[in-house]
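First up is the structure itself, then whatever we jot down about it.
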2 protein chains.
Amino acid sequence: MKVITTPEEMQAISQQNKFEGKKIAVVPTMGFLHNGHLTLVKKAKEVADIVITTLFVNPKQFAPNEDFERYPRDFERDKKLLTESGCDYLFSPDISSIYPIDFATSISIGGVTKVFEGESRPTHFDGVALVVLKLFNITLADIGLFGQKDYQQTLVIKKLVKDLNLNIKLLITPTVREANGLAMSSRNRYLTDEEKNKASIIFLSLEEAKNAIAHGERRRKMINSVVISTLRSVPEIKIDYVATVKSENLELADEFLPGEEVVILIACFMNQTRLIDNTIIKIPTAFTENFIE
Amino acid sequence: MKVITTPEEMQAISQQNKFEGKKIAVVPTMGFLHNGHLTLVKKAKEVADIVITTLFVNPKQFAPNEDFERYPRDFERDKKLLTESGCDYLFSPDISSIYPIDFATSISIGGVTKVFEGESRPTHFDGVALVVLKLFNITLADIGLFGQKDYQQTLVIKKLVKDLNLNIKLLITPTVREANGLAMSSRNRYLTDEEKNKASIIFLSLEEAKNAIAHGERRRKMINSVVISTLRSVPEIKIDYVATVKSENLELADEFLPGEEVVILIACFMNQTRLIDNTIIKIPTAFTENFIE
């Protein structure tokens with residue numbers, strides 16, 4: 001695996017690979033890799049000839065009060081893990097090469113960016129969209145891979161690709177979890193073992209909601225109640241938001257329809273650490289029809 | 001020449017051409033083509049294998065009070081002119097295929113967009129940047145060609161390419177003029193023959209300023225005065241702005257330095273019609289040195 005640090009060199013290498021008819025996949029990351037990232041890299045290797053993992057802790061997606069400075073970093077460990085996962089290039093640029101002193105461009109994506117994470121973190125998604133657009137352009141990727149854990153982010157990237165006519169396919173892979181169900185995240189490193197155990201309630205609360213839906217629940221508030229009451233059993237958890245919405249566009253409904261796909265989104269704090277998780281559920285058709293009779 | 005109307009088809013054709021190793025040049029236009037555009041198309045043919053001319057009157061670069069609705073259009077004439085000029089594809093999409101009902105993305109470029117044209121037309125350049133970015137992505141162009149007549153626009157596009165790491169080369173070609181010196185523009189069609197004759201004062205005023213610089217003038221205000229007093233000799237001309245600035249970044253200076261490249265920008269109304277023009281001048285080195293002694 002080759003480490004590349006400048007956009008110019010990365011783009012020239014990608015250009016050469018494209019010229020040779022090779023298909024390029026990119027896995028954008030902020031480093032401090034876990035099995036979720038490595039699953040993306042391995043998937044990328046299956047669908048493309050060349051895999052580029054980008055490692056860039058993007059200041060523009062952090063608010064001033066957030067953890068940009070203390071975001072966990074371990075370059076040597078990331079490099080080793082990526083080499084072992086079959087990654088071809090690790091693109092790891094300086095901040096100043098991505099945002100030079102005269103950098104003056106911003107991008108704004110409406111709709112899906114304004115709610116939930118977008119409400120809690122108002123500049124977050126525009127920062128994500130900007131850096132992802134730059135990374136797509138630098139790597140000349142044919143395929144971009146993202147994890148379902150950052151569900152709303154996947155919608156933002158889909159919208160970016162559609163609205164700007166980017167010539168790239170997106171591949172969203174399921175959330176990878178710890179044995180106890182906790183969604184893998186670089187921020188889990190902020191948690192003690194005890195906190196990690198207790199944070200597994202997040203996954204459990206999603207499973208409870210899934211159960212309720214399997215048993216016929218279709219009312220948004222009731223689904224949310226199941227999640228919230230489960231989360232409340234752990235006093236260290238402070239809920240930021242819990243929402244059940246249409247998976248396609250994050251729209252609310254009082255009651256979901258048979259066949260509709262919903263996503264349950266959770267953001268909460270385990271003590272000081274902000275964690276997110278989600279699950280996608282299809283409202284069952286057969287059962288609901290019986291239920292109506 | 002083939003006429004393409006959907007982004008999907010255009011991108012698929014471009015993808016196929018790239019796959020065959022062909023170099024693509026794009027000439028973005030709003031149609032109602034004149035010799036300035038056709039010069040760009042011919043230049044494009046020299047530097048690339050495939051030439052795509054885009055014809056799209058972009059609503060997002062017009063303010064509500066501007067001439068979007070009455071902007072001149074003549075598709076059949078444009079098609080004929082492009083065919084004769086050796087253009088390979090005319091991409092002429094509907095508004096709804098470029099900006100579908102759920103379109104929600106905007107882009108903002110700082111610095112060079114905020115002055116002169118950007119002051120007179122505050123949303124103009126962000127609208128230009130957005131559509132040009134989309135057209136670059138749809139056509140997968142290797143080279144984009146633009147005329148120097150829209151000088152500030154060329155700086156905006158350069159900034160777009162740099163800030164977003166677009167993998168495209170830009171080629172800026174000199175302004176093509178009528179016999180009397182009037183810069184060619186689709187908006188000239190709003191002018192009567194008499195107005196066209198009188199509007200040649202714009203070119204003349206730039207020539208006068210060039211002369212003054214050749215004779216040693218380096219003071220910004222004096223250069224502007226030469227332009228303004230020349231323009232004032234035609235009472236039908238109403239000046240919007242006249243500015244002499246560094247060509248690279250549109251920065252002001254009280255006095256320009258030997259070797260520095262400046263651009264003189266004019267925007268004015270000939271009766272109801274807004275016209276712009278510019279000239280790039282290098283402040284002479286030798287003369288100025290003598291002048292200092």
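Chain labels A, B, ... are given in the sequence in which chains occur in the structure tokens; within each chain residues are numbered consecutively from 1, and ligands are likewise numbered from 1 in the order shown.
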Specify as a PyMOL selection string all residues of chain A found within 9 Å of chain B, counting only C-alpha atoms. chain A and resi 7-8+11+15+18-19+21+98-100+102-111+130-131+133-135+137-138+140+159-160+162-167
Give me a file of those residues, with C-alpha atoms, as a PDB file, in the first residue's frame.
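Result written to part.pdb:
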```pdb
ATOM      1  CA  PRO A   7      -4.172  16.039  -3.863  1.00  0.00           C
ATOM      2  CA  GLU A   8      -2.100  16.576  -7.024  1.00  0.00           C
ATOM      3  CA  GLN A  11      -5.261  12.728  -8.725  1.00  0.00           C
ATOM      4  CA  GLN A  15      -5.861   9.488 -13.649  1.00  0.00           C
ATOM      5  CA  LYS A  18      -8.371   5.222 -15.056  1.00  0.00           C
ATOM      6  CA  PHE A  19      -6.327   5.545 -18.229  1.00  0.00           C
ATOM      7  CA  GLY A  21      -9.104   1.057 -17.605  1.00  0.00           C
ATOM      8  CA  ILE A  98      -7.339  20.421   1.296  1.00  0.00           C
ATOM      9  CA  TYR A  99      -8.205  23.919   2.517  1.00  0.00           C
ATOM     10  CA  PRO A 100      -5.425  26.276   1.369  1.00  0.00           C
ATOM     11  CA  ASP A 102      -7.317  31.253  -0.024  1.00  0.00           C
ATOM     12  CA  PHE A 103      -9.953  28.500  -0.021  1.00  0.00           C
ATOM     13  CA  ALA A 104     -13.327  30.194  -0.509  1.00  0.00           C
ATOM     14  CA  THR A 105     -15.930  27.656  -1.621  1.00  0.00           C
ATOM     15  CA  SER A 106     -18.828  26.225   0.314  1.00  0.00           C
ATOM     16  CA  ILE A 107     -21.649  23.919  -0.552  1.00  0.00           C
ATOM     17  CA  SER A 108     -25.046  23.618   0.980  1.00  0.00           C
ATOM     18  CA  ILE A 109     -27.462  20.715   0.667  1.00  0.00           C
ATOM     19  CA  GLY A 110     -31.021  21.371   1.729  1.00  0.00           C
ATOM     20  CA  GLY A 111     -33.724  19.050   2.962  1.00  0.00           C
ATOM     21  CA  LEU A 130     -17.762  19.610   0.744  1.00  0.00           C
ATOM     22  CA  VAL A 131     -14.969  17.258   1.751  1.00  0.00           C
ATOM     23  CA  LEU A 133     -17.041  16.134  -3.101  1.00  0.00           C
ATOM     24  CA  LYS A 134     -13.366  17.119  -3.009  1.00  0.00           C
ATOM     25  CA  LEU A 135     -12.278  13.564  -2.185  1.00  0.00           C
ATOM     26  CA  ASN A 137     -12.779  14.630  -7.408  1.00  0.00           C
ATOM     27  CA  ILE A 138      -9.255  14.011  -6.143  1.00  0.00           C
ATOM     28  CA  LEU A 140     -11.617  10.151  -9.509  1.00  0.00           C
ATOM     29  CA  LYS A 159     -28.304  13.916  -2.626  1.00  0.00           C
ATOM     30  CA  LEU A 160     -24.890  15.414  -3.403  1.00  0.00           C
ATOM     31  CA  LYS A 162     -27.767  13.300  -7.615  1.00  0.00           C
ATOM     32  CA  ASP A 163     -27.918  17.097  -7.492  1.00  0.00           C
ATOM     33  CA  LEU A 164     -24.409  17.600  -8.874  1.00  0.00           C
ATOM     34  CA  ASN A 165     -24.622  14.751 -11.425  1.00  0.00           C
ATOM     35  CA  LEU A 166     -21.514  13.090 -10.028  1.00  0.00           C
ATOM     36  CA  ASN A 167     -20.472  10.102 -12.089  1.00  0.00           C
TER      37      ASN A 167
END
```
Report the residues of stretch 41-136 of chain B whose backbone DSSP state falls under alpha helix (DSSP H), written as a ChimeraX atom specification. /B:41-47,75-84,95-98,117-120,124-136
Excluding B:Leu275 and its own-chain neighbours fewer than 6 positions away, which residues fall within 9 Å of it when counting only C-alpha atoms? Please give them as JSON, numbers by chain. {"B": [183, 185, 187, 188, 199, 202, 266, 267, 268, 269]}
So how many Å separate atom CA of B:Lys246 and atom CA of B:Lys198, to one decimal? 28.5 Å
May I have chain A as a short mmCIF file (atom, residue, chain, number, x, y, z; two decimals) with C-alpha atoms, in the first residue's frame, after a least-squares superposition on chain B that uses all C-alpha atoms paired in order?
```
data_model
loop_
_atom_site.label_atom_id
_atom_site.label_comp_id
_atom_site.auth_asym_id
_atom_site.auth_seq_id
_atom_site.Cartn_x
_atom_site.Cartn_y
_atom_site.Cartn_z
CA MET A 1 -23.75 16.53 -34.70
CA LYS A 2 -26.03 14.80 -32.24
CA VAL A 3 -28.48 16.66 -30.02
CA ILE A 4 -28.74 15.27 -26.48
CA THR A 5 -31.38 16.43 -24.03
CA THR A 6 -30.99 14.40 -20.84
CA PRO A 7 -28.08 14.47 -18.37
CA GLU A 8 -28.16 10.66 -18.13
CA GLU A 9 -27.74 10.14 -21.88
CA MET A 10 -25.06 12.82 -22.13
CA GLN A 11 -23.07 11.32 -19.27
CA ALA A 12 -23.36 7.81 -20.72
CA ILE A 13 -22.08 9.03 -24.10
CA SER A 14 -19.20 10.87 -22.46
CA GLN A 15 -18.39 7.85 -20.33
CA GLN A 16 -18.20 5.74 -23.49
CA ASN A 17 -15.96 8.30 -25.22
CA LYS A 18 -13.63 8.42 -22.22
CA PHE A 19 -13.57 4.64 -22.13
CA GLU A 20 -12.36 4.76 -25.74
CA GLY A 21 -9.54 7.05 -24.61
CA LYS A 22 -10.98 10.18 -26.20
CA LYS A 23 -10.40 13.65 -24.83
CA ILE A 24 -13.56 15.71 -24.31
CA ALA A 25 -13.87 19.49 -24.45
CA VAL A 26 -16.97 21.36 -23.33
CA VAL A 27 -18.12 24.84 -24.36
CA PRO A 28 -20.86 25.97 -21.96
CA THR A 29 -23.21 28.51 -23.56
CA MET A 30 -26.64 30.00 -23.08
CA GLY A 31 -27.23 29.76 -26.84
CA PHE A 32 -28.06 32.49 -29.34
CA LEU A 33 -24.55 31.87 -30.55
CA HIS A 34 -22.24 34.42 -32.09
CA ASN A 35 -18.72 34.28 -33.46
CA GLY A 36 -17.30 34.40 -29.94
CA HIS A 37 -18.94 31.07 -29.14
CA LEU A 38 -18.02 29.55 -32.49
CA THR A 39 -14.39 30.54 -32.00
CA LEU A 40 -14.50 28.59 -28.71
CA VAL A 41 -15.98 25.56 -30.49
CA LYS A 42 -13.30 25.64 -33.18
CA LYS A 43 -10.59 26.00 -30.56
CA ALA A 44 -12.14 23.08 -28.65
CA LYS A 45 -11.95 20.96 -31.80
CA GLU A 46 -8.22 21.70 -31.99
CA VAL A 47 -7.46 20.60 -28.43
CA ALA A 48 -9.81 17.63 -27.97
CA ASP A 49 -11.26 14.63 -29.79
CA ILE A 50 -14.86 15.29 -28.87
CA VAL A 51 -16.52 18.70 -28.56
CA ILE A 52 -19.69 19.13 -26.55
CA THR A 53 -21.44 22.50 -26.65
CA THR A 54 -23.99 22.94 -23.92
CA LEU A 55 -26.97 25.20 -24.49
CA PHE A 56 -28.82 26.02 -21.32
CA VAL A 57 -30.27 29.36 -20.27
CA ASN A 58 -29.59 28.90 -16.58
CA PRO A 59 -32.34 30.47 -14.45
CA LYS A 60 -30.16 30.39 -11.33
CA GLN A 61 -27.76 33.01 -12.70
CA PHE A 62 -30.51 35.55 -13.41
CA ALA A 63 -31.99 37.74 -10.69
CA PRO A 64 -35.80 38.10 -10.70
CA ASN A 65 -35.52 41.56 -12.29
CA GLU A 66 -33.21 40.37 -15.05
CA ASP A 67 -33.82 39.18 -18.60
CA PHE A 68 -34.19 35.41 -18.11
CA GLU A 69 -37.56 35.26 -19.86
CA ARG A 70 -36.61 37.52 -22.74
CA TYR A 71 -33.05 36.20 -23.09
CA PRO A 72 -32.75 35.59 -26.86
CA ARG A 73 -33.22 32.00 -28.01
CA ASP A 74 -32.98 30.44 -31.48
CA PHE A 75 -32.38 26.73 -31.23
CA GLU A 76 -32.49 25.89 -34.94
CA ARG A 77 -30.01 28.61 -35.83
CA ASP A 78 -27.66 27.53 -32.98
CA LYS A 79 -27.88 23.92 -34.13
CA LYS A 80 -26.97 24.88 -37.70
CA LEU A 81 -24.04 27.06 -36.61
CA LEU A 82 -22.66 24.36 -34.32
CA THR A 83 -22.94 21.68 -37.00
CA GLU A 84 -20.98 23.91 -39.35
CA SER A 85 -18.35 24.57 -36.67
CA GLY A 86 -17.56 20.87 -36.20
CA CYS A 87 -19.26 20.41 -32.82
CA ASP A 88 -19.91 16.72 -32.03
CA TYR A 89 -22.70 16.98 -29.45
CA LEU A 90 -25.13 19.71 -28.58
CA PHE A 91 -26.34 19.15 -25.03
CA SER A 92 -29.57 21.05 -24.60
CA PRO A 93 -31.41 19.95 -21.46
CA ASP A 94 -34.76 21.03 -20.02
CA ILE A 95 -34.73 23.14 -16.89
CA SER A 96 -36.46 20.30 -15.02
CA SER A 97 -33.73 17.81 -15.86
CA ILE A 98 -31.04 20.16 -14.54
CA TYR A 99 -33.04 21.39 -11.55
CA PRO A 100 -35.62 18.70 -10.70
CA ILE A 101 -38.41 19.61 -8.30
CA ASP A 102 -36.47 18.23 -5.28
CA PHE A 103 -33.19 19.92 -6.23
CA ALA A 104 -31.68 21.29 -3.01
CA THR A 105 -27.98 22.02 -3.50
CA SER A 106 -26.24 25.36 -3.74
CA ILE A 107 -22.65 26.40 -4.00
CA SER A 108 -21.01 29.59 -2.95
CA ILE A 109 -17.63 30.91 -4.05
CA GLY A 110 -16.19 33.74 -2.01
CA GLY A 111 -13.72 36.45 -2.89
CA VAL A 112 -13.83 37.08 -6.64
CA THR A 113 -17.62 36.66 -6.75
CA LYS A 114 -18.41 39.47 -4.34
CA VAL A 115 -17.19 42.53 -6.26
CA PHE A 116 -18.11 44.27 -9.56
CA GLU A 117 -20.52 41.91 -11.37
CA GLY A 118 -21.08 40.18 -8.05
CA GLU A 119 -22.11 43.44 -6.46
CA SER A 120 -24.40 44.42 -9.32
CA ARG A 121 -25.75 40.87 -9.59
CA PRO A 122 -25.39 39.28 -6.11
CA THR A 123 -26.58 35.72 -6.89
CA HIS A 124 -25.17 35.61 -10.40
CA PHE A 125 -21.83 33.87 -9.93
CA ASP A 126 -23.07 31.23 -7.49
CA GLY A 127 -25.64 30.34 -10.15
CA VAL A 128 -22.92 30.21 -12.80
CA ALA A 129 -20.64 28.08 -10.60
CA LEU A 130 -23.44 25.62 -9.84
CA VAL A 131 -24.46 25.06 -13.45
CA VAL A 132 -20.88 24.89 -14.71
CA LEU A 133 -20.04 22.31 -12.05
CA LYS A 134 -23.06 20.25 -13.10
CA LEU A 135 -22.19 20.59 -16.80
CA PHE A 136 -18.57 19.56 -16.16
CA ASN A 137 -19.84 16.48 -14.28
CA ILE A 138 -22.45 15.59 -16.89
CA THR A 139 -20.07 15.93 -19.84
CA LEU A 140 -17.04 14.44 -18.00
CA ALA A 141 -15.02 17.07 -19.84
CA ASP A 142 -11.22 17.13 -19.76
CA ILE A 143 -11.13 20.72 -21.00
CA GLY A 144 -13.56 23.60 -20.49
CA LEU A 145 -13.48 26.63 -22.76
CA PHE A 146 -14.65 30.11 -21.81
CA GLY A 147 -14.36 33.55 -23.39
CA GLN A 148 -12.37 36.36 -21.85
CA LYS A 149 -15.31 38.72 -22.35
CA ASP A 150 -16.83 37.46 -19.12
CA TYR A 151 -13.58 38.08 -17.32
CA GLN A 152 -14.80 37.82 -13.78
CA GLN A 153 -16.64 34.64 -14.67
CA THR A 154 -13.36 33.10 -15.83
CA LEU A 155 -11.88 33.83 -12.39
CA VAL A 156 -14.91 32.28 -10.69
CA ILE A 157 -14.59 29.11 -12.77
CA LYS A 158 -10.85 28.94 -12.08
CA LYS A 159 -11.61 29.19 -8.36
CA LEU A 160 -14.31 26.52 -8.63
CA VAL A 161 -11.87 24.16 -10.34
CA LYS A 162 -9.12 24.83 -7.81
CA ASP A 163 -11.21 24.72 -4.64
CA LEU A 164 -13.12 21.57 -5.62
CA ASN A 165 -10.10 19.81 -7.18
CA LEU A 166 -11.91 19.34 -10.48
CA ASN A 167 -9.89 17.29 -12.92
CA ILE A 168 -10.37 19.69 -15.82
CA LYS A 169 -8.17 22.12 -17.72
CA LEU A 170 -9.52 25.57 -18.53
CA LEU A 171 -8.86 27.43 -21.74
CA ILE A 172 -9.75 31.12 -21.89
CA THR A 173 -9.90 32.64 -25.36
CA PRO A 174 -9.69 36.34 -26.33
CA THR A 175 -12.85 38.37 -26.82
CA VAL A 176 -14.17 38.31 -30.37
CA ARG A 177 -15.35 41.72 -31.58
CA GLU A 178 -17.52 43.29 -34.26
CA ALA A 179 -15.71 45.30 -36.95
CA ASN A 180 -16.28 48.47 -34.90
CA GLY A 181 -14.76 46.91 -31.76
CA LEU A 182 -17.97 46.10 -29.88
CA ALA A 183 -17.48 42.84 -27.94
CA MET A 184 -19.70 40.09 -29.33
CA SER A 185 -22.53 39.17 -26.99
CA SER A 186 -25.92 37.51 -27.32
CA ARG A 187 -27.33 40.61 -25.67
CA ASN A 188 -26.16 42.75 -28.62
CA ARG A 189 -29.30 41.53 -30.32
CA TYR A 190 -31.22 43.93 -28.05
CA LEU A 191 -29.37 46.84 -29.71
CA THR A 192 -30.43 48.81 -32.78
CA ASP A 193 -27.74 49.41 -35.43
CA GLU A 194 -27.36 52.95 -34.17
CA GLU A 195 -26.94 51.74 -30.60
CA LYS A 196 -24.36 49.20 -31.77
CA ASN A 197 -22.37 51.97 -33.41
CA LYS A 198 -22.54 54.13 -30.34
CA ALA A 199 -21.66 51.17 -28.06
CA SER A 200 -18.32 50.87 -29.84
CA ILE A 201 -17.23 53.67 -27.49
CA ILE A 202 -16.79 50.92 -24.86
CA PHE A 203 -13.98 49.32 -26.83
CA LEU A 204 -12.59 52.76 -27.67
CA SER A 205 -12.49 53.72 -23.99
CA LEU A 206 -10.44 50.58 -23.24
CA GLU A 207 -8.07 51.47 -26.08
CA GLU A 208 -7.69 54.99 -24.67
CA ALA A 209 -6.78 53.57 -21.29
CA LYS A 210 -4.32 51.18 -22.92
CA ASN A 211 -2.74 54.19 -24.60
CA ALA A 212 -2.50 56.09 -21.36
CA ILE A 213 -0.76 53.12 -19.71
CA ALA A 214 1.61 52.82 -22.69
CA HIS A 215 2.43 56.48 -22.09
CA GLY A 216 3.32 55.83 -18.48
CA GLU A 217 0.07 56.12 -16.52
CA ARG A 218 0.02 53.71 -13.57
CA ARG A 219 -2.40 55.45 -11.19
CA ARG A 220 -5.66 53.55 -10.89
CA LYS A 221 -7.89 56.59 -10.63
CA MET A 222 -6.30 58.23 -13.64
CA ILE A 223 -6.71 55.10 -15.76
CA ASN A 224 -10.36 54.87 -14.73
CA SER A 225 -10.82 58.58 -15.52
CA VAL A 226 -9.64 58.04 -19.07
CA VAL A 227 -12.22 55.26 -19.52
CA ILE A 228 -15.02 57.18 -17.83
CA SER A 229 -14.48 60.43 -19.70
CA THR A 230 -14.37 58.56 -23.01
CA LEU A 231 -17.60 56.70 -22.20
CA ARG A 232 -19.29 59.96 -21.18
CA SER A 233 -18.93 61.28 -24.72
CA VAL A 234 -21.93 59.08 -25.58
CA PRO A 235 -24.98 60.26 -23.61
CA GLU A 236 -26.92 56.99 -24.13
CA ILE A 237 -24.28 55.15 -22.05
CA LYS A 238 -24.95 54.88 -18.33
CA ILE A 239 -21.95 53.53 -16.43
CA ASP A 240 -22.55 50.74 -13.89
CA TYR A 241 -18.88 50.41 -12.94
CA VAL A 242 -15.41 51.01 -14.35
CA ALA A 243 -12.56 49.38 -12.49
CA THR A 244 -8.85 48.80 -12.98
CA VAL A 245 -7.63 45.97 -10.81
CA LYS A 246 -4.99 43.26 -10.61
CA SER A 247 -5.97 40.65 -13.18
CA GLU A 248 -5.23 37.72 -10.91
CA ASN A 249 -7.49 38.52 -7.98
CA LEU A 250 -9.36 41.77 -8.82
CA GLU A 251 -7.53 43.59 -6.05
CA LEU A 252 -7.24 47.36 -6.08
CA ALA A 253 -4.01 49.32 -5.83
CA ASP A 254 -3.51 53.08 -5.93
CA GLU A 255 -0.70 52.62 -8.35
CA PHE A 256 0.23 49.50 -10.29
CA LEU A 257 3.76 48.20 -10.45
CA PRO A 258 5.92 47.58 -13.52
CA GLY A 259 5.33 44.04 -14.78
CA GLU A 260 2.00 43.76 -12.99
CA GLU A 261 -0.94 42.58 -15.07
CA VAL A 262 -4.12 44.59 -14.69
CA VAL A 263 -7.59 44.20 -16.11
CA ILE A 264 -9.87 47.12 -16.85
CA LEU A 265 -13.49 46.09 -16.35
CA ILE A 266 -16.47 47.98 -17.72
CA ALA A 267 -20.17 47.39 -17.16
CA CYS A 268 -22.60 49.91 -18.56
CA PHE A 269 -26.03 50.30 -20.01
CA MET A 270 -26.61 51.33 -23.62
CA ASN A 271 -30.13 52.59 -23.09
CA GLN A 272 -31.82 49.48 -21.58
CA THR A 273 -29.17 46.91 -22.46
CA ARG A 274 -26.42 46.00 -20.03
CA LEU A 275 -23.05 45.43 -21.69
CA ILE A 276 -19.70 44.36 -20.26
CA ASP A 277 -16.21 44.42 -21.66
CA ASN A 278 -12.61 44.28 -20.43
CA THR A 279 -9.01 44.35 -21.48
CA ILE A 280 -5.94 42.83 -19.88
CA ILE A 281 -2.82 44.99 -19.88
CA LYS A 282 0.68 44.36 -18.60
CA ILE A 283 2.15 47.47 -16.98
CA PRO A 284 5.30 48.05 -19.05
CA THR A 285 8.59 47.46 -17.27
CA ALA A 286 11.10 49.40 -19.36
CA PHE A 287 9.08 52.54 -19.77
CA THR A 288 8.18 52.75 -16.14
CA GLU A 289 11.77 52.38 -15.11
CA ASN A 290 12.70 55.29 -17.37
CA PHE A 291 9.78 57.22 -15.98
CA ILE A 292 11.08 56.78 -12.43
CA GLU A 293 14.55 58.09 -13.30
#
```
Give the strand (DSSP E or B) residues of stretch 18-137 of chain A, as DSSP finds them on the backbone, and put them as JSON, numbers by chain. {"A": [24, 25, 26, 27, 28, 29, 50, 51, 52, 53, 54, 55, 89, 90, 91, 105, 106, 107, 108, 109]}
Would you mind exporting N, CA and C atoms of the selected residues as a PDB file, in the first residue's frame?
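Final output, selection.pdb:
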```pdb
ATOM      1  N   ILE A  24     -11.968   2.409  -9.825  1.00  0.00           N
ATOM      2  CA  ILE A  24     -11.461   2.898  -8.540  1.00  0.00           C
ATOM      3  C   ILE A  24     -12.599   3.003  -7.528  1.00  0.00           C
ATOM      4  N   ALA A  25     -12.352   2.476  -6.318  1.00  0.00           N
ATOM      5  CA  ALA A  25     -13.309   2.669  -5.224  1.00  0.00           C
ATOM      6  C   ALA A  25     -12.637   3.496  -4.131  1.00  0.00           C
ATOM      7  N   VAL A  26     -13.421   4.382  -3.527  1.00  0.00           N
ATOM      8  CA  VAL A  26     -12.874   5.192  -2.435  1.00  0.00           C
ATOM      9  C   VAL A  26     -13.676   4.951  -1.154  1.00  0.00           C
ATOM     10  N   VAL A  27     -12.951   4.845  -0.045  1.00  0.00           N
ATOM     11  CA  VAL A  27     -13.554   4.722   1.283  1.00  0.00           C
ATOM     12  C   VAL A  27     -13.112   5.939   2.094  1.00  0.00           C
ATOM     13  N   PRO A  28     -13.961   6.955   2.174  1.00  0.00           N
ATOM     14  CA  PRO A  28     -13.589   8.153   2.950  1.00  0.00           C
ATOM     15  C   PRO A  28     -13.699   7.876   4.453  1.00  0.00           C
ATOM     16  N   THR A  29     -12.651   8.160   5.188  1.00  0.00           N
ATOM     17  CA  THR A  29     -12.664   7.959   6.645  1.00  0.00           C
ATOM     18  C   THR A  29     -11.992   9.139   7.342  1.00  0.00           C
ATOM     19  N   ILE A  50      -8.972  -0.907  -7.856  1.00  0.00           N
ATOM     20  CA  ILE A  50      -8.082  -0.095  -7.020  1.00  0.00           C
ATOM     21  C   ILE A  50      -8.896   0.457  -5.852  1.00  0.00           C
ATOM     22  N   VAL A  51      -8.371   0.287  -4.631  1.00  0.00           N
ATOM     23  CA  VAL A  51      -9.057   0.831  -3.457  1.00  0.00           C
ATOM     24  C   VAL A  51      -8.212   1.948  -2.841  1.00  0.00           C
ATOM     25  N   ILE A  52      -8.856   3.100  -2.722  1.00  0.00           N
ATOM     26  CA  ILE A  52      -8.220   4.235  -2.051  1.00  0.00           C
ATOM     27  C   ILE A  52      -8.987   4.485  -0.756  1.00  0.00           C
ATOM     28  N   THR A  53      -8.285   4.441   0.374  1.00  0.00           N
ATOM     29  CA  THR A  53      -8.908   4.875   1.624  1.00  0.00           C
ATOM     30  C   THR A  53      -8.381   6.268   1.921  1.00  0.00           C
ATOM     31  N   THR A  54      -9.301   7.188   2.194  1.00  0.00           N
ATOM     32  CA  THR A  54      -8.842   8.529   2.546  1.00  0.00           C
ATOM     33  C   THR A  54      -8.927   8.686   4.044  1.00  0.00           C
ATOM     34  N   LEU A  55      -7.930   9.338   4.602  1.00  0.00           N
ATOM     35  CA  LEU A  55      -7.860   9.559   6.045  1.00  0.00           C
ATOM     36  C   LEU A  55      -7.676  11.053   6.244  1.00  0.00           C
ATOM     37  N   TYR A  89      -4.127   2.370  -1.845  1.00  0.00           N
ATOM     38  CA  TYR A  89      -3.579   3.698  -1.549  1.00  0.00           C
ATOM     39  C   TYR A  89      -4.237   4.249  -0.297  1.00  0.00           C
ATOM     40  N   LEU A  90      -3.414   4.804   0.557  1.00  0.00           N
ATOM     41  CA  LEU A  90      -3.937   5.572   1.686  1.00  0.00           C
ATOM     42  C   LEU A  90      -3.674   7.035   1.369  1.00  0.00           C
ATOM     43  N   PHE A  91      -4.752   7.786   1.175  1.00  0.00           N
ATOM     44  CA  PHE A  91      -4.612   9.217   0.889  1.00  0.00           C
ATOM     45  C   PHE A  91      -4.817   9.981   2.186  1.00  0.00           C
ATOM     46  N   THR A 105     -14.734  28.268  -1.055  1.00  0.00           N
ATOM     47  CA  THR A 105     -15.930  27.656  -1.621  1.00  0.00           C
ATOM     48  C   THR A 105     -16.715  26.883  -0.568  1.00  0.00           C
ATOM     49  N   SER A 106     -18.013  27.029  -0.587  1.00  0.00           N
ATOM     50  CA  SER A 106     -18.828  26.225   0.314  1.00  0.00           C
ATOM     51  C   SER A 106     -19.990  25.645  -0.474  1.00  0.00           C
ATOM     52  N   ILE A 107     -20.559  24.597   0.115  1.00  0.00           N
ATOM     53  CA  ILE A 107     -21.649  23.919  -0.552  1.00  0.00           C
ATOM     54  C   ILE A 107     -22.730  23.723   0.485  1.00  0.00           C
ATOM     55  N   SER A 108     -23.958  23.779   0.035  1.00  0.00           N
ATOM     56  CA  SER A 108     -25.046  23.618   0.980  1.00  0.00           C
ATOM     57  C   SER A 108     -26.079  22.686   0.368  1.00  0.00           C
ATOM     58  N   ILE A 109     -26.472  21.677   1.151  1.00  0.00           N
ATOM     59  CA  ILE A 109     -27.462  20.715   0.667  1.00  0.00           C
ATOM     60  C   ILE A 109     -28.679  20.859   1.558  1.00  0.00           C
TER      61      ILE A 109
END
```
